[in-house]
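Read the structure below first, then the notes.
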Amino acid sequence: MRAFAYERPDRLADALALMAVGDGSARPLAGGTDLLIRIRDGSIRPVTVIDVKGIAEFSRDIRVDDGWLRIGARTTMTDLMRDERIRRDYVALAEAAAYVGSVQIRNRATLAGNICNASPAADTAPALLVYGARVVAVGKGGRRTIPLDEFFVRSGVTTMLPGELVEAIEMPLPSGRRGAVHARRTRRRGHDLASVTLAVAIDPDGVTRLSYGSVGPRPVLVTDETGVLADPGASDDARRERLETLFVDASPSPTSMRATPGYRLAMLQVMGLRAVAAAQERAAS
Amino acid sequence: MNDVVGTGAARVGGLDRVTGRQAYVADIPLDDVLHVKLVTLPVARARIGPIDDSAACAVPGVRLVMSAKDLPDPMPRFGPQRRDRPVIATGETTYHGDPVAAVAADTKDAAEQAAELVKVEYEELPAAPTLEAALAADAPLVQDPSLRPDDPHADTNVLHEHRHAWGDVDGATADVVVEGTYRFPMVTQFAIEPHAFMAAPDGVGVAVWSAIQHPNWLQRVIAELLQLPLARVRIHAPDPGGAFGGKQHAKYEPLLAFMALATGRPVRLVLTLAETFQAVRRGAAQVHVRTGFQRDGTLVFRDVEANYQIGAYADIADRTVAKGSYTSMGPYRTPSARIVARSVLSHTVPSTAFRGFGNPQQIWAVESNMNEAARTLGIDPLELRLRNLAEPGDEFIPGDTPADGDWAVAVRRAAEMIDWSTPPTPGRGRGIAVGLKSGPTTGLSYSTVRLLVDGSVVVYAGTSDMGQGARTIFAQIAADELGAPLPWVTVVSGDTAVVPYDQQTSASRSSVFMGTAVLRACHDIQAKVRSMAARLEGVGEEQVTVERGEVHIGDRALAIHDVVKRGLGRLGGEIIGVGEMRKDAEPDHPLGGTAAFYEFNCTAVEVEVDRETGDISIPRYVTVSDVGKALNPLQVRGQDEGAAVMGLGHTLMEHYIWDDQGRIRNLGAIDYRIPTSMDLPAEMESDIVENADGPGPYGSKGMSEGALLPVSPAVAAAVTDATGVVIRDLPMSPERVWQALQELEAGEVSR
Amino acid sequence: MTMRVEVTVNGRQRSVDIEPHHTLLEMLRDDLALTGTKECCLVGECGACTVIVDGESVDSCLMLGVEASGAAITTVEGLAAGDRLDPLQEAFLETGAAQCGFCIPGQLVSARALLHGVPHPTRAEIEEGLAGNLCRCAGYEQIMEAVELAAKRGAAAREPHSSRVATDVASIPDAQVAPQ
């Protein structure tokens, strides 16, 4: 690996000052499971790596805060998988987290890091999107919230401003019983980067939110307000038709090694039907 | 009296492996070592222009940047079949990953940094990175014809064409002919230990460390390239962390040897995993099979044409084509047969030996063809095998070793284990296939055994223990023959200065060849003990027998080491035995010799296919190998089940992905998928047939490649049984299965 | 510019001056001469570099040495207590789990971490728990049998070294298999 300097600030103000160079020569380090790979392959060449795990204001916890469930910047995938509230009320996120890499990766990879890496195939993104997540970003200019469906631009690129760090990711507390599920398509059963990701959440009021990833430059959120996908009595044909309309903007990369566009689009449909059925079952139980 | 042969005795070296003490090449520290980093070009083929190493040399700690200009002219070349591979690329690079320069520096950081600063001017040249491109009439030549004097194919990329035939294929009449073309992908060994090499000046010679499967072969290569006597070249060969054929032959050891002599210091190169993908792989192949049957399923003829895509240098790849094609008729009675198999050079990573050695590619085709024939004929595929299987003693390949196993027993056992006679659970499909491989055709192994005064034993055996457990079985043999407890036996290998000659570790040969050499060395000791006992007891030698650790005189039985202790007397000493097993070459034989033995395996599987996604799951998997005698059943099971899972790799998920400029896209572990613990059959069972009908110690045969051979045709047949789709290209990824299902459905709809 | 890192490795206090861009794997192998932990894929796929850091298994190739400052680390060399093998090591020997052995340090460390969190894992939990450790020699079967054997013998009683109080570790969630 190319050499870089390493800082481990213990206060947010110091971290932001270090990040203020703003030209990408300072990179935040959380779990390291993406960053170190990219430094090794030369696609990222930081002058300074800023370890955010020492920042006192950055928490590694999951707590309720003013009507939102707040996931601290240092929270790992393993933390998400084990948290009672996440498993009960945000099960699609728990499932998504359980799919990220292996145990060793999950013990280090943070949710914040996963979304900042902005891979179109990021497993946690679709689940966060259907749960209406928002990002709390902090920079020298202050703190702001970014709705997650305004966060991803394309692979490796987000709407974060230079010098900003993710302090937390928040999801609104559920208003009632939801049925939600996360699904993914991979090349083997063992850990793998997904060729298609999909999350579905059916609200008690019959609105269905779906989010798909790896079928385009960024994860996409779509909403079905017709009630068809929430209706256990709807026919498969009706669901299929609805899904086709919802997925119309899916645009898989023609050059991907992992799957061809035709297969991805077909699988999106298959997964959609299965996920909707599973989500309905969960909503009912 | 000991009885450890045939038991799952604890692995020699097992304790070191579970405590982290096992020293692989990369773990061995050398004082003052220089770290080496290779420089390659991002193209399939290029003319090499001027190399500017000034910036690289300016990095503190850099001691040498070596390229072709620093080596003798003409460039020294090496290779087990043809001396075609240069020590480092000269004039042209011929595949993506072909090193053009090498940096040696005091630290890894400096070497890495400097390697990035070496400026190579180059001109990309048209390349032939696929089989089709390499066979095209106007294909760019991979090897200059001057490298292939007297070669009738020198103006093509066909390195060699192998032809075997018997009977009369064209004149044969068959009721039913079944044919198809099958493709086997390009895959890589992916040993968990990436290749590692070191070299150092050693007095007036050189010492080389390598995880090499053939230390003596490497010694010859280095000696010849450096123009040193063999006795001045010392090869240290620590146990490889997995090899599978990819560590059989020299790769960068010659380069390191030259660098060591140039710098006067030890040098060390550890490849990254990605670099190993650019160093070793299996030959890909396209195989066309045409088989004629009588209506009752009896084989009439088989006609095979195979093109293997080998890489830019021959390495041992042409031999894999020779061996793989020679037995492509399979373990059957085939009245008429014809095989044409070509090694086709291409601008890709040089392919080399890989478990199965050219056979998996053919067996994929031939066994799939058998299963398709079973469907066409309306005959149970198990029945079709049993009807045609060669019986013990059948000369199923004219002029070669007759069938040396009762192979039907293994087939019936596999069928029984998977309940073949009972229909599978609805929704599941079943498939069965057999695999045959001929063992070594020549061989030479020596062993020296020393029985020490206290009864402990040192065995010198040059076999490379790369996980198959060679050391353990030699220790077991010595323990039983010389009456030593197993922990009292030490096995020394991997040092050409100390260990006598072994031809190689390959072809599943070592149980037979080195095992026999060890056994004979023990017998040599027993003979000496016999003389000693006769002398001590004052009897004639004819009254003394020595076997399995005991000395018998009349009805008395004495432990060997008691006799030895007495016999050696005050001076002490030891008893040294020497053993050898040799199988000489038969120059008129197409492979250079008949088969010492055959490996045979039958594999049967049950699969379920998710028709909407193409996912294949394997609820049941059965594999049965004919091994003669399992010297260590625990190790045999480990090898057979490991081979099965490795076979599932190329069956379901493994393949190189290339761009249209001949560069590898999926270098490294993220996009080259091998099976994990979550990709296994739900139930896997292995069993063995032991008829003591092998040429090795106690009736053993070689094993550890057999169980890989028929994996893919068994799984493909099960998929066909479950869904009706016929897949002829590997790997059967979910997407490909789905694609085949789509096409099948479309075909049905349009009918 | 090197930085000083204080770590506890296998129960011993160690002090290393290390470049920030060197990984924990390099620190263990090159600076502390603990070569039991292996280097293979360098992208967090193969698990040959697995060690335990403060009670959790991690890929040491994806962690900087400087990040380990103040942590308690267990490597394969720390599993045995003197010449008393860890029950996992014994079980691996008994079932023949180690063939070439190169993946074994990582497998053992992952298994140790698994059993610490889930003392009696199901077969599925073992498969999942070891999924980040690739093996090319074995069919994985003998490795998993070894973990089952060790679990049966109460192997969880031995804690990996930790500088912090072990957090209460809930079992891996039995999430429904999400539709593919």
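To be explicit about the labels: the chains of the structure tokens are called A, B, and onward in the order shown, and within each one the residues are counted from 1, while ligands get numbers from 1 in the order they are shown.
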So which residues touch range 52-63 of chain C within 6 Å, counting only C-alpha atoms, skipping near sequence neighbours fewer than 4 positions away, as an mmCIF file with all heavy atoms, in the first residue's frame?
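Below is the file out18.cif, written as the result:
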```cif
data_model
loop_
_atom_site.group_PDB
_atom_site.id
_atom_site.type_symbol
_atom_site.label_atom_id
_atom_site.label_comp_id
_atom_site.auth_asym_id
_atom_site.auth_seq_id
_atom_site.Cartn_x
_atom_site.Cartn_y
_atom_site.Cartn_z
ATOM 1 N N THR A 33 -13.008 -1.693 5.625
ATOM 2 C CA THR A 33 -13.179 -2.849 4.737
ATOM 3 C C THR A 33 -13.378 -2.452 3.279
ATOM 4 O O THR A 33 -13.268 -3.277 2.393
ATOM 5 C CB THR A 33 -14.360 -3.715 5.197
ATOM 6 O OG1 THR A 33 -15.529 -2.903 5.271
ATOM 7 C CG2 THR A 33 -14.084 -4.338 6.556
ATOM 8 N N LEU A 36 -9.416 0.314 2.670
ATOM 9 C CA LEU A 36 -8.093 -0.289 2.516
ATOM 10 C C LEU A 36 -7.961 -1.014 1.174
ATOM 11 O O LEU A 36 -6.898 -1.022 0.569
ATOM 12 C CB LEU A 36 -7.795 -1.245 3.678
ATOM 13 C CG LEU A 36 -6.936 -0.631 4.797
ATOM 14 C CD1 LEU A 36 -7.621 0.576 5.405
ATOM 15 C CD2 LEU A 36 -6.604 -1.656 5.856
ATOM 16 N N GLN A 104 -16.083 -11.728 9.708
ATOM 17 C CA GLN A 104 -14.926 -10.860 9.937
ATOM 18 C C GLN A 104 -15.171 -9.457 9.381
ATOM 19 O O GLN A 104 -14.789 -8.455 9.987
ATOM 20 C CB GLN A 104 -13.659 -11.439 9.282
ATOM 21 C CG GLN A 104 -13.157 -12.746 9.863
ATOM 22 C CD GLN A 104 -13.675 -13.957 9.138
ATOM 23 O OE1 GLN A 104 -14.860 -14.057 8.797
ATOM 24 N NE2 GLN A 104 -12.798 -14.930 8.902
ATOM 25 N N THR C 23 -0.473 -2.851 7.626
ATOM 26 C CA THR C 23 -1.664 -3.454 8.211
ATOM 27 C C THR C 23 -1.322 -4.203 9.497
ATOM 28 O O THR C 23 -0.156 -4.493 9.786
ATOM 29 C CB THR C 23 -2.302 -4.439 7.226
ATOM 30 O OG1 THR C 23 -1.341 -5.457 6.919
ATOM 31 C CG2 THR C 23 -2.748 -3.733 5.954
ATOM 32 N N LEU C 24 -2.381 -4.538 10.226
ATOM 33 C CA LEU C 24 -2.205 -5.357 11.419
ATOM 34 C C LEU C 24 -1.558 -6.687 11.040
ATOM 35 O O LEU C 24 -0.711 -7.212 11.760
ATOM 36 C CB LEU C 24 -3.571 -5.587 12.086
ATOM 37 C CG LEU C 24 -3.597 -6.514 13.300
ATOM 38 C CD1 LEU C 24 -2.694 -5.998 14.412
ATOM 39 C CD2 LEU C 24 -5.029 -6.662 13.820
ATOM 40 N N LEU C 25 -1.933 -7.220 9.877
ATOM 41 C CA LEU C 25 -1.341 -8.467 9.402
ATOM 42 C C LEU C 25 0.171 -8.325 9.255
ATOM 43 O O LEU C 25 0.941 -9.171 9.716
ATOM 44 C CB LEU C 25 -1.960 -8.875 8.065
ATOM 45 C CG LEU C 25 -1.377 -10.123 7.397
ATOM 46 C CD1 LEU C 25 -1.607 -11.360 8.254
ATOM 47 C CD2 LEU C 25 -1.992 -10.323 6.011
ATOM 48 N N LEU C 42 -5.870 -10.476 0.461
ATOM 49 C CA LEU C 42 -5.733 -9.048 0.741
ATOM 50 C C LEU C 42 -6.980 -8.220 0.407
ATOM 51 O O LEU C 42 -6.892 -6.988 0.297
ATOM 52 C CB LEU C 42 -4.513 -8.447 0.002
ATOM 53 C CG LEU C 42 -3.152 -8.961 0.478
ATOM 54 C CD1 LEU C 42 -2.038 -8.345 -0.356
ATOM 55 C CD2 LEU C 42 -2.923 -8.658 1.956
ATOM 56 N N GLY C 44 -10.133 -9.266 2.034
ATOM 57 C CA GLY C 44 -11.144 -9.639 3.013
ATOM 58 C C GLY C 44 -12.092 -10.731 2.557
ATOM 59 O O GLY C 44 -13.202 -10.853 3.050
ATOM 60 N N ALA C 71 -5.459 -2.462 21.902
ATOM 61 C CA ALA C 71 -6.360 -3.609 21.803
ATOM 62 C C ALA C 71 -5.705 -4.876 22.320
ATOM 63 O O ALA C 71 -4.492 -4.954 22.486
ATOM 64 C CB ALA C 71 -6.792 -3.800 20.345
ATOM 65 N N ALA C 72 -6.536 -5.877 22.561
ATOM 66 C CA ALA C 72 -6.060 -7.211 22.929
ATOM 67 C C ALA C 72 -6.309 -8.116 21.737
ATOM 68 O O ALA C 72 -7.424 -8.209 21.241
ATOM 69 C CB ALA C 72 -6.810 -7.728 24.139
ATOM 70 N N ILE C 73 -5.243 -8.723 21.284
ATOM 71 C CA ILE C 73 -5.313 -9.509 20.049
ATOM 72 C C ILE C 73 -4.979 -10.959 20.341
ATOM 73 O O ILE C 73 -4.060 -11.255 21.108
ATOM 74 C CB ILE C 73 -4.311 -8.953 19.025
ATOM 75 C CG1 ILE C 73 -4.709 -7.514 18.678
ATOM 76 C CG2 ILE C 73 -4.273 -9.810 17.763
ATOM 77 C CD1 ILE C 73 -3.694 -6.792 17.851
ATOM 78 N N THR C 74 -5.740 -11.843 19.730
ATOM 79 C CA THR C 74 -5.427 -13.271 19.806
ATOM 80 C C THR C 74 -5.142 -13.780 18.412
ATOM 81 O O THR C 74 -5.940 -13.577 17.487
ATOM 82 C CB THR C 74 -6.621 -14.058 20.395
ATOM 83 O OG1 THR C 74 -6.953 -13.521 21.669
ATOM 84 C CG2 THR C 74 -6.272 -15.536 20.542
ATOM 85 N N SER C 162 -9.034 -10.663 26.014
ATOM 86 C CA SER C 162 -9.756 -9.413 25.793
ATOM 87 C C SER C 162 -9.349 -8.413 26.841
ATOM 88 O O SER C 162 -9.229 -8.744 28.014
ATOM 89 C CB SER C 162 -11.257 -9.662 25.844
ATOM 90 O OG SER C 162 -11.939 -8.434 25.700
#
```
Select, as a compact mmCIF listing (two decimals) with N, CA and C atoms, in the first residue's frame, those residues of chain A with any atom no more than 9 Å from chain C (distances computed using only C-alpha atoms).
```txt
# COMPACT_ATOMS: atom_id res chain seq x y z
N MET A 1 0.84 -1.19 0.00
CA MET A 1 0.00 0.00 0.00
C MET A 1 0.88 1.24 0.00
N ARG A 2 0.42 2.26 -0.73
CA ARG A 2 1.13 3.54 -0.69
C ARG A 2 1.05 4.15 0.70
N ALA A 3 2.09 4.88 1.06
CA ALA A 3 2.14 5.47 2.40
C ALA A 3 1.14 6.61 2.55
N PHE A 4 0.67 6.81 3.76
CA PHE A 4 -0.17 7.95 4.10
C PHE A 4 0.07 8.27 5.57
N ALA A 5 -0.36 9.45 5.98
CA ALA A 5 -0.30 9.83 7.39
C ALA A 5 -1.60 9.39 8.05
N TYR A 6 -1.54 9.21 9.33
CA TYR A 6 -2.71 8.69 10.07
C TYR A 6 -2.99 9.61 11.25
N ARG A 8 -5.89 10.27 14.47
CA ARG A 8 -7.04 9.72 15.19
C ARG A 8 -7.57 10.78 16.15
N GLY A 31 -14.57 1.37 9.25
CA GLY A 31 -14.28 -0.07 9.35
C GLY A 31 -13.07 -0.47 8.53
N GLY A 32 -12.80 0.31 7.49
CA GLY A 32 -11.64 0.03 6.65
C GLY A 32 -11.85 -1.05 5.61
N THR A 33 -13.01 -1.69 5.63
CA THR A 33 -13.18 -2.85 4.74
C THR A 33 -13.38 -2.45 3.28
N ASP A 34 -13.71 -1.22 3.03
CA ASP A 34 -13.71 -0.72 1.64
C ASP A 34 -12.48 0.11 1.38
N LEU A 35 -12.18 1.03 2.34
CA LEU A 35 -11.10 1.98 2.11
C LEU A 35 -9.76 1.30 1.86
N LEU A 36 -9.42 0.31 2.67
CA LEU A 36 -8.09 -0.29 2.52
C LEU A 36 -7.96 -1.01 1.17
N ILE A 37 -9.06 -1.60 0.72
CA ILE A 37 -9.00 -2.27 -0.59
C ILE A 37 -8.75 -1.24 -1.68
N ARG A 40 -5.23 0.04 -1.67
CA ARG A 40 -4.33 -0.97 -2.23
C ARG A 40 -4.39 -1.03 -3.74
N VAL A 49 -5.12 9.68 6.37
CA VAL A 49 -6.29 8.88 6.72
C VAL A 49 -6.72 9.31 8.11
N ASP A 51 -8.93 8.49 11.18
CA ASP A 51 -9.69 7.44 11.86
C ASP A 51 -10.80 8.10 12.67
N THR A 78 -22.41 -6.08 12.49
CA THR A 78 -22.69 -7.03 13.57
C THR A 78 -23.59 -6.39 14.62
N MET A 81 -27.14 -6.39 13.34
CA MET A 81 -27.74 -7.73 13.33
C MET A 81 -28.22 -8.14 14.71
N ARG A 82 -27.53 -7.65 15.72
CA ARG A 82 -27.82 -8.12 17.07
C ARG A 82 -28.79 -7.23 17.82
N ASP A 83 -29.04 -6.03 17.31
CA ASP A 83 -29.86 -5.09 18.06
C ASP A 83 -31.32 -5.53 18.06
N ARG A 87 -33.95 -5.72 14.84
CA ARG A 87 -34.49 -7.02 14.41
C ARG A 87 -36.01 -7.04 14.46
N VAL A 91 -36.48 -5.18 10.26
CA VAL A 91 -35.88 -6.50 10.02
C VAL A 91 -35.15 -6.55 8.67
N ALA A 92 -35.63 -5.79 7.68
CA ALA A 92 -34.94 -5.81 6.38
C ALA A 92 -33.51 -5.29 6.52
N ALA A 94 -31.69 -5.55 9.30
CA ALA A 94 -30.93 -6.60 9.98
C ALA A 94 -30.52 -7.68 8.99
N GLU A 95 -31.43 -8.02 8.11
CA GLU A 95 -31.12 -9.04 7.09
C GLU A 95 -30.04 -8.55 6.15
N ALA A 98 -26.71 -8.66 7.70
CA ALA A 98 -26.22 -10.03 7.85
C ALA A 98 -25.62 -10.57 6.56
N GLY A 101 -20.60 -9.31 3.37
CA GLY A 101 -19.37 -10.05 3.58
C GLY A 101 -19.51 -11.22 4.52
N SER A 102 -18.47 -11.41 5.31
CA SER A 102 -18.40 -12.53 6.24
C SER A 102 -18.45 -11.96 7.66
N VAL A 103 -18.40 -12.86 8.63
CA VAL A 103 -18.37 -12.43 10.03
C VAL A 103 -17.26 -11.42 10.26
N GLN A 104 -16.08 -11.73 9.71
CA GLN A 104 -14.93 -10.86 9.94
C GLN A 104 -15.17 -9.46 9.38
N ILE A 105 -15.80 -9.39 8.22
CA ILE A 105 -16.10 -8.09 7.62
C ILE A 105 -17.16 -7.37 8.45
N ARG A 106 -18.20 -8.08 8.83
CA ARG A 106 -19.31 -7.46 9.56
C ARG A 106 -18.89 -6.92 10.92
N ASN A 107 -17.89 -7.52 11.50
CA ASN A 107 -17.42 -7.02 12.78
C ASN A 107 -16.74 -5.67 12.67
N ARG A 108 -16.35 -5.29 11.50
CA ARG A 108 -15.64 -4.02 11.30
C ARG A 108 -16.43 -3.03 10.47
N VAL A 181 -38.82 -6.99 4.02
CA VAL A 181 -37.86 -8.07 3.76
C VAL A 181 -36.75 -7.53 2.85
N HIS A 182 -35.57 -8.13 2.97
CA HIS A 182 -34.45 -7.80 2.08
C HIS A 182 -34.11 -9.03 1.27
N ALA A 183 -33.80 -8.84 0.02
CA ALA A 183 -33.45 -9.98 -0.83
C ALA A 183 -32.25 -9.60 -1.69
N ARG A 184 -31.52 -10.63 -2.13
CA ARG A 184 -30.38 -10.33 -3.00
C ARG A 184 -30.11 -11.51 -3.91
N ARG A 185 -29.45 -11.25 -5.01
CA ARG A 185 -29.09 -12.28 -5.97
C ARG A 185 -27.57 -12.32 -6.04
N THR A 186 -27.02 -13.50 -5.85
CA THR A 186 -25.56 -13.63 -5.87
C THR A 186 -25.18 -14.82 -6.74
N GLY A 190 -22.26 -18.62 -0.65
CA GLY A 190 -21.31 -17.97 0.23
C GLY A 190 -21.30 -16.47 -0.03
N HIS A 191 -20.63 -15.73 0.85
CA HIS A 191 -20.67 -14.27 0.74
C HIS A 191 -20.22 -13.82 -0.65
N ASP A 192 -20.90 -12.79 -1.14
CA ASP A 192 -20.68 -12.37 -2.51
C ASP A 192 -21.22 -10.96 -2.65
N MET A 267 -34.41 -11.22 -12.87
CA MET A 267 -34.33 -11.56 -11.45
C MET A 267 -35.00 -10.52 -10.59
N VAL A 270 -38.50 -11.57 -10.51
CA VAL A 270 -38.68 -12.79 -9.70
C VAL A 270 -38.56 -12.45 -8.22
N MET A 271 -37.50 -11.71 -7.90
CA MET A 271 -37.28 -11.34 -6.50
C MET A 271 -38.41 -10.46 -6.00
N ARG A 274 -41.39 -12.59 -5.06
CA ARG A 274 -41.13 -13.37 -3.86
C ARG A 274 -41.04 -12.47 -2.63
N ALA A 275 -40.40 -11.33 -2.79
CA ALA A 275 -40.23 -10.42 -1.66
C ALA A 275 -41.58 -9.85 -1.24
N ALA A 278 -43.31 -12.45 0.76
CA ALA A 278 -42.71 -12.59 2.09
C ALA A 278 -43.06 -11.40 2.98
```
Using only C-alpha atoms, what does the table of chain C residues within 8 Å of chain B look like, with each row giving the shortest atom pair and its distance in Å to one decimal, sorted by chain and ascending number, as a tab-separated table?
```
residue	atom	partner	partner_atom	distance
C:Thr35	CA	B:Asp27	CA	5.7
C:Gly36	CA	B:Gly20	CA	4.0
C:Thr37	CA	B:Gly20	CA	7.1
C:Glu39	CA	B:Glu193	CA	7.7
C:Cys40	CA	B:Leu273	CA	6.0
C:Cys41	CA	B:Leu273	CA	5.3
C:Leu42	CA	B:Leu273	CA	8.0
C:Val43	CA	B:Ala669	CA	7.2
C:Glu45	CA	B:Ala669	CA	6.2
C:Cys46	CA	B:Ala669	CA	7.4
C:Ala48	CA	B:Ile192	CA	7.7
C:Val76	CA	B:Gly20	CA	5.9
C:Glu77	CA	B:Thr19	CA	5.8
C:Leu79	CA	B:Thr19	CA	7.6
C:Ala80	CA	B:Thr19	CA	7.4
C:Gln89	CA	B:Val18	CA	5.8
C:Phe92	CA	B:Val18	CA	7.4
C:Leu93	CA	B:Gly14	CA	6.4
C:Glu94	CA	B:Ala10	CA	7.1
C:Thr95	CA	B:Leu634	CA	7.6
C:Gly96	CA	B:Leu634	CA	6.2
C:Ala97	CA	B:Gly638	CA	7.7
C:Ala98	CA	B:Gly14	CA	6.6
C:Gln99	CA	B:Gly467	CA	4.1
C:Cys100	CA	B:Gly467	CA	3.5
C:Gly101	CA	B:Arg17	CA	5.2
C:Phe102	CA	B:Gly241	CA	5.0
C:Cys103	CA	B:Ile192	CA	6.6
C:Ile104	CA	B:Val18	CA	6.4
C:Pro105	CA	B:Gly20	CA	6.1
C:Leu108	CA	B:Val18	CA	7.6
C:Glu127	CA	B:Ser677	CA	5.3
C:Glu128	CA	B:Met678	CA	6.6
C:Leu130	CA	B:Ser677	CA	6.7
C:Ala131	CA	B:Ser677	CA	5.2
C:Gly132	CA	B:Thr676	CA	7.7
C:Asn133	CA	B:Thr676	CA	7.5
C:Leu134	CA	B:Thr676	CA	5.8
C:Cys135	CA	B:Ile192	CA	6.9
C:Arg136	CA	B:Ala191	CA	6.2
C:Cys137	CA	B:Gly642	CA	5.2
C:Ala138	CA	B:Gly642	CA	4.0
C:Gly139	CA	B:Gly642	CA	4.1
C:Tyr140	CA	B:Ser677	CA	6.0
C:Glu141	CA	B:Glu641	CA	7.9
C:Gln142	CA	B:Gly638	CA	7.3
```
Could you pull out all residues of range 372-519 of chain B with a DSSP call of helix (DSSP H, G or I) and give them as a PyMOL selection string? chain B and resi 372-377+381-388+407-417+470-482+486-488+513-519
Long-range neighbours of range 372-374 of chain B as a VMD selection string, 8 Å cut-off, only C-alpha atoms, 3 positions minimum in chain: chain B and resid 178 297 368 to 369 377 to 381 384 717
How would the residues just chosen look if you wrote them out with C-alpha atoms as a JSON list (two decimals), in the first residue's frame?
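The resulting file, out_1.json, is reproduced below:
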```json
[["chain", "number", "residue", "atom", "x", "y", "z"],
["B", 178, "VAL", "CA", -25.11, -39.21, -30.10],
["B", 297, "GLY", "CA", -26.52, -49.44, -25.17],
["B", 368, "SER", "CA", -22.10, -35.87, -20.48],
["B", 369, "ASN", "CA", -22.34, -37.54, -23.87],
["B", 377, "LEU", "CA", -31.58, -44.72, -25.85],
["B", 378, "GLY", "CA", -34.08, -44.82, -23.00],
["B", 379, "ILE", "CA", -31.58, -46.72, -20.86],
["B", 380, "ASP", "CA", -30.83, -46.03, -17.21],
["B", 381, "PRO", "CA", -27.48, -44.17, -17.11],
["B", 384, "LEU", "CA", -25.36, -47.90, -19.49],
["B", 717, "ALA", "CA", -26.96, -34.93, -15.74]]
```
So the first atom is CA of Ala533 in chain B and the second is CA of Asp562 in chain B; what is the distance between them in Å, to one decimal place?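 For CA of Ala533 in chain B relative to CA of Asp562 in chain B, the distance reads 10.0 Å.
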What's the 9 Å shell around Pro121 in chain C, counting only C-alpha atoms, without same-chain residues fewer than 3 positions away, as a PyMOL selection string? chain C and resi 114-115+118+124-126+147-148+151
Taking only C-alpha atoms into account, which of A:Asp123, A:Glu241, A:Asp41, A:Glu7 comes nearest chain B?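 Ranking A:Asp123, A:Glu241, A:Asp41, A:Glu7 by distance to chain B, first place goes to A:Asp41.
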Residue list (strand (DSSP E or B), DSSP) for range 306-520 of chain B, as a VMD selection string: chain B and resid 306 to 309 332 336 to 344 389 428 to 438 443 to 452 457 to 461 489 to 492 495 502
Which residues, written as a short mmCIF file (atom, residue, chain, number, x, y, z; two decimals) with all heavy atoms, in the first residue's frame, have at least one atom at most 9 Å from Leu147 in chain B, with only C-alpha atoms counted and residues fewer than 4 positions away on the same chain left out?
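Saved file selection-v3.cif follows:
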```
data_model
loop_
_atom_site.label_atom_id
_atom_site.label_comp_id
_atom_site.auth_asym_id
_atom_site.auth_seq_id
_atom_site.Cartn_x
_atom_site.Cartn_y
_atom_site.Cartn_z
N ARG B 82 9.35 -27.91 -23.39
CA ARG B 82 10.14 -27.17 -24.38
C ARG B 82 10.85 -26.04 -23.65
O ARG B 82 10.27 -25.44 -22.76
CB ARG B 82 9.21 -26.56 -25.44
CG ARG B 82 8.21 -27.52 -25.99
CD ARG B 82 8.12 -27.46 -27.46
NE ARG B 82 7.27 -28.55 -27.95
CZ ARG B 82 6.79 -28.59 -29.17
NH1 ARG B 82 7.05 -27.61 -30.01
NH2 ARG B 82 6.05 -29.61 -29.55
N ARG B 83 12.04 -25.75 -24.05
CA ARG B 83 12.73 -24.63 -23.40
C ARG B 83 12.28 -23.34 -24.09
O ARG B 83 13.04 -22.74 -24.84
CB ARG B 83 14.24 -24.82 -23.50
CG ARG B 83 14.76 -25.83 -22.49
CD ARG B 83 16.25 -26.03 -22.65
NE ARG B 83 16.81 -26.93 -21.66
CZ ARG B 83 16.53 -28.22 -21.54
NH1 ARG B 83 15.67 -28.79 -22.36
NH2 ARG B 83 17.10 -28.95 -20.59
N ASP B 84 11.05 -22.97 -23.81
CA ASP B 84 10.49 -21.83 -24.52
C ASP B 84 10.30 -20.61 -23.63
O ASP B 84 10.16 -19.50 -24.13
CB ASP B 84 9.15 -22.21 -25.18
CG ASP B 84 8.14 -22.78 -24.18
OD1 ASP B 84 8.50 -22.99 -23.00
OD2 ASP B 84 6.99 -23.03 -24.59
N GLN B 143 4.24 -18.08 -30.57
CA GLN B 143 5.67 -18.38 -30.46
C GLN B 143 6.34 -18.22 -31.81
O GLN B 143 5.84 -18.71 -32.82
CB GLN B 143 5.88 -19.80 -29.94
CG GLN B 143 5.49 -19.94 -28.47
CD GLN B 143 6.11 -21.16 -27.80
OE1 GLN B 143 6.83 -21.92 -28.44
NE2 GLN B 143 5.82 -21.34 -26.53
N ALA B 154 4.97 -25.23 -36.82
CA ALA B 154 5.60 -24.01 -36.31
C ALA B 154 4.99 -22.73 -36.87
O ALA B 154 5.12 -21.67 -36.25
CB ALA B 154 7.10 -24.03 -36.60
#
```
